[in-house]
Amino acid sequence: MIFRTSLLRELATSAAATFLVLLGISVTTQLVRLLGQAAGGQITSTGVVALLGFTLVGYLPILLSLTLFIAVLMTLTRSYRDSEMVVWFSCGQGLTRWISPVLSFAAPLLLTIALLSLILSPWAVEKAEEFRRQMDSRDDVAQVTPGVFHESRRADRVYLVEEVAGQSNLVANVFVSSTQDGKLGVMVARTGFQETAANGDRFLVLQNGRRYEGEPGSPEYKVFEFERYAMRIESADAADRAPTTKTMTTLELLRDPTPRNLGELSWRVGLPASAMVLCLLAIPLSFVNPRAGRSMNIVVAILIYMIYSNLLSIMQGAIAQGRIPVFAGMWTVHAGMLAILLLLFYRRLSVFSVWRLLR
């Protein structure tokens with residue numbers, strides 16, 4: 001009982017530290033990507049946090065699966081390095097006695113991974129796509145980023161705003177280049193703002209500026225000075241996108257068993273299944289020979305994880321393309337990893353039996 005409690009406490013501590021590190025790496029990489037999109041005007045600055053949250057929910061099943069694998073591996077590796085396994089084997093206990101406490105620790109995480117993979121991750125992907133559609137439906141002026149040239153959807157205008165006055169609707173030092181009837185017009189204004197008419201039409205109103213108009217290549221230009229110039233802003237409709245397999249719920253995938261849907265279903269079911277196999281694989285993989293290198297088992301474990309994950313992706317693609325049957329593609333990789341698991345346990349137990357005979 002004392003051993004079980006101590007092991008669960010150490011596993012929980014190792015898992016928490018591992019998860020925080022993996023989460024920090026994921027947050028940093030995704031935040032840099034989203035901030036780059038916000039700087040380019042593809043998304044709004046206020047949408048960065050929402051998209052970051054949705055993206056992380058989609059990544060959580062993989063992060064938790066990797067966390068479980070690393071936590072079990074590092075905890076048992078430390079037991080080998082500190083010679084605690086020698087005491088354990090000297091008491092007549094085998095390596096298989098570690099399976100029960102490891103599964104007890106892994107059970108809540110496996111249920112969480114299954115819940116995220118089958119229910120919450122598709123919901124998060126759908127919400128992220130919906131949020132992006134809403135941002136894509138913004139008008140041209142709303143997508144302008146200070147200090148960055150922005151071309152309108154119709155490619156007939158180019159906007160540049162030097163700065164935005166805080167949270168208000170005012171902008172300063174506005175540049176607009178437009179082409180009308182074959183003539184190029186360039187407008188510069190000190191200030192500008194958006195205005196909505198009574199009928200719902202929206203206008204970009206420029207104040208205290210100039211308009212230069214002429215034909216490209218011709219030296220003849222007209223210069224107009226104005227106190228107020230209003231340009232109608234064309235509103236953009238939200239683009240209709242066909243639902244993808246990643247945004248469909250698990251029930252929808254089951255109701256429409258096309259090859260693409262079954263491929264996505266195999267990936268969702270495979271995440272919790274692979275997490276369970278990986279946490280058991282960590283038990284024999286944690287063996288460390290004190291007289292040999294101490295990092296070899298870590299390298300082998302990383303290679304096995306990468307191969308396992310890539311095989312699941314390959315099988316998902318094969319099922320989606322209809323090249324292999326669903327059942328074979330869904331469970332062949334897991335069955336192969338279970339065979340490797342049994343082989344590793346057999347090898348470690350054989351070494352343990354020989355060690356007991358030589359005592």
# chains A, B, ... in the order shown; residues from 1 in each chain; ligands from 1
call {"tool": "residues_around", "arguments": {"residues": "stretch 117-122 of chain A", "least_positions_apart": "3", "cutoff": "8 Å", "atoms": "only C-alpha atoms", "output": "list in words"}}
result
Val57, Gly58, Tyr59, Pro61, Ile113, Ala114, Val125, Glu126, Lys246, Thr247, Met248, Thr249, Thr250, Arg268, Val269, Leu271 and Pro272 of chain A
call {"tool": "residues_around", "arguments": {"residues": "stretch 300-310 of chain A", "least_positions_apart": "5", "cutoff": "8 Å", "atoms": "only C-alpha atoms", "output": "list in words"}}
result
Leu278, Ala282, Leu285, Val333 and Met337 of chain A
call {"tool": "write_last_selection", "arguments": {"atoms": "N, CA and C atoms", "output": "PDB file, in the first residue's frame"}}
result
ATOM      1  N   LEU A 278       0.920   2.886 -24.949  1.00  0.00           N
ATOM      2  CA  LEU A 278       2.178   3.575 -24.680  1.00  0.00           C
ATOM      3  C   LEU A 278       2.542   3.571 -23.200  1.00  0.00           C
ATOM      4  N   ALA A 282       5.938   1.813 -21.652  1.00  0.00           N
ATOM      5  CA  ALA A 282       6.941   2.535 -20.875  1.00  0.00           C
ATOM      6  C   ALA A 282       7.519   1.684 -19.759  1.00  0.00           C
ATOM      7  N   LEU A 285      10.321  -0.454 -21.332  1.00  0.00           N
ATOM      8  CA  LEU A 285      11.271   0.463 -21.953  1.00  0.00           C
ATOM      9  C   LEU A 285      12.063   1.270 -20.931  1.00  0.00           C
ATOM     10  N   VAL A 333      -2.222  -1.576 -36.334  1.00  0.00           N
ATOM     11  CA  VAL A 333      -1.093  -0.903 -35.678  1.00  0.00           C
ATOM     12  C   VAL A 333      -1.100  -1.178 -34.179  1.00  0.00           C
ATOM     13  N   MET A 337       1.762  -3.120 -31.929  1.00  0.00           N
ATOM     14  CA  MET A 337       2.407  -2.557 -30.751  1.00  0.00           C
ATOM     15  C   MET A 337       2.177  -3.427 -29.515  1.00  0.00           C
TER      16      MET A 337
END
call {"tool": "closest_residue", "arguments": {"among": "A:Arg190, A:Leu109, A:Arg81, A:Gly24", "to": "A:Ala12", "atoms": "only C-alpha atoms"}}
result
A:Leu109
call {"tool": "atom_distance", "arguments": {"atom1": "atom CA of A:Leu204", "atom2": "atom CA of A:Phe224"}}
result
17.7 Å
call {"tool": "atom_distance", "arguments": {"atom1": "atom CA of A:Leu52", "atom2": "atom CA of A:Trp123"}}
result
14.2 Å
call {"tool": "closest_residue", "arguments": {"among": "A:Thr191, A:Ser65, A:Gln321, A:Gln42", "to": "A:Pro108", "atoms": "only C-alpha atoms"}}
result
A:Ser65
call {"tool": "closest_residue", "arguments": {"among": "A:Thr55, A:Thr44, A:Ser104, A:Thr332", "to": "A:Gln134", "atoms": "only C-alpha atoms"}}
result
A:Thr44
call {"tool": "residues_around", "arguments": {"residues": "A:Glu195", "least_positions_apart": "6", "cutoff": "8 Å", "atoms": "only C-alpha atoms", "output": "list of chain:residue names"}}
result
A:Arg202, A:Phe203, A:Leu204, A:Val205
call {"tool": "write_last_selection", "arguments": {"atoms": "C-alpha atoms", "output": "PDB file, in the first residue's frame"}}
result
ATOM      1  CA  ARG A 202     -21.124  51.821 -44.282  1.00  0.00           C
ATOM      2  CA  PHE A 203     -18.711  54.534 -45.417  1.00  0.00           C
ATOM      3  CA  LEU A 204     -15.090  55.376 -44.822  1.00  0.00           C
ATOM      4  CA  VAL A 205     -15.040  59.138 -44.248  1.00  0.00           C
TER       5      VAL A 205
END
call {"tool": "select_by_dssp", "arguments": {"residues": "stretch 213-345 of chain A", "states": "strand (DSSP E)", "output": "list in words"}}
result
Glu213, Gly214, Tyr221, Lys222, Val223, Phe224, Glu225, Phe226, Glu227, Arg228, Tyr229, Ala230, Met231, Arg232 and Ile233 of chain A
call {"tool": "write_last_selection", "arguments": {"atoms": "C-alpha atoms", "output": "mmCIF file, in the first residue's frame"}}
result
data_model
loop_
_atom_site.group_PDB
_atom_site.id
_atom_site.type_symbol
_atom_site.label_atom_id
_atom_site.label_comp_id
_atom_site.auth_asym_id
_atom_site.auth_seq_id
_atom_site.Cartn_x
_atom_site.Cartn_y
_atom_site.Cartn_z
ATOM 1 C CA GLU A 213 -6.196 61.555 -60.064
ATOM 2 C CA GLY A 214 -4.765 60.672 -63.457
ATOM 3 C CA TYR A 221 -2.819 64.713 -62.966
ATOM 4 C CA LYS A 222 -5.615 66.485 -61.172
ATOM 5 C CA VAL A 223 -5.304 67.501 -57.551
ATOM 6 C CA PHE A 224 -8.376 67.955 -55.373
ATOM 7 C CA GLU A 225 -8.459 69.171 -51.816
ATOM 8 C CA PHE A 226 -11.375 68.151 -49.618
ATOM 9 C CA GLU A 227 -12.582 68.577 -46.075
ATOM 10 C CA ARG A 228 -14.758 65.467 -46.160
ATOM 11 C CA TYR A 229 -14.711 62.530 -48.586
ATOM 12 C CA ALA A 230 -16.904 59.429 -48.098
ATOM 13 C CA MET A 231 -16.232 56.074 -49.752
ATOM 14 C CA ARG A 232 -18.771 53.276 -49.581
ATOM 15 C CA ILE A 233 -17.437 50.106 -47.949
#
call {"tool": "closest_residue", "arguments": {"among": "A:Glu10, A:Ile43, A:Ile70, A:Glu264", "to": "A:Arg133", "atoms": "only C-alpha atoms"}}
result
A:Ile43
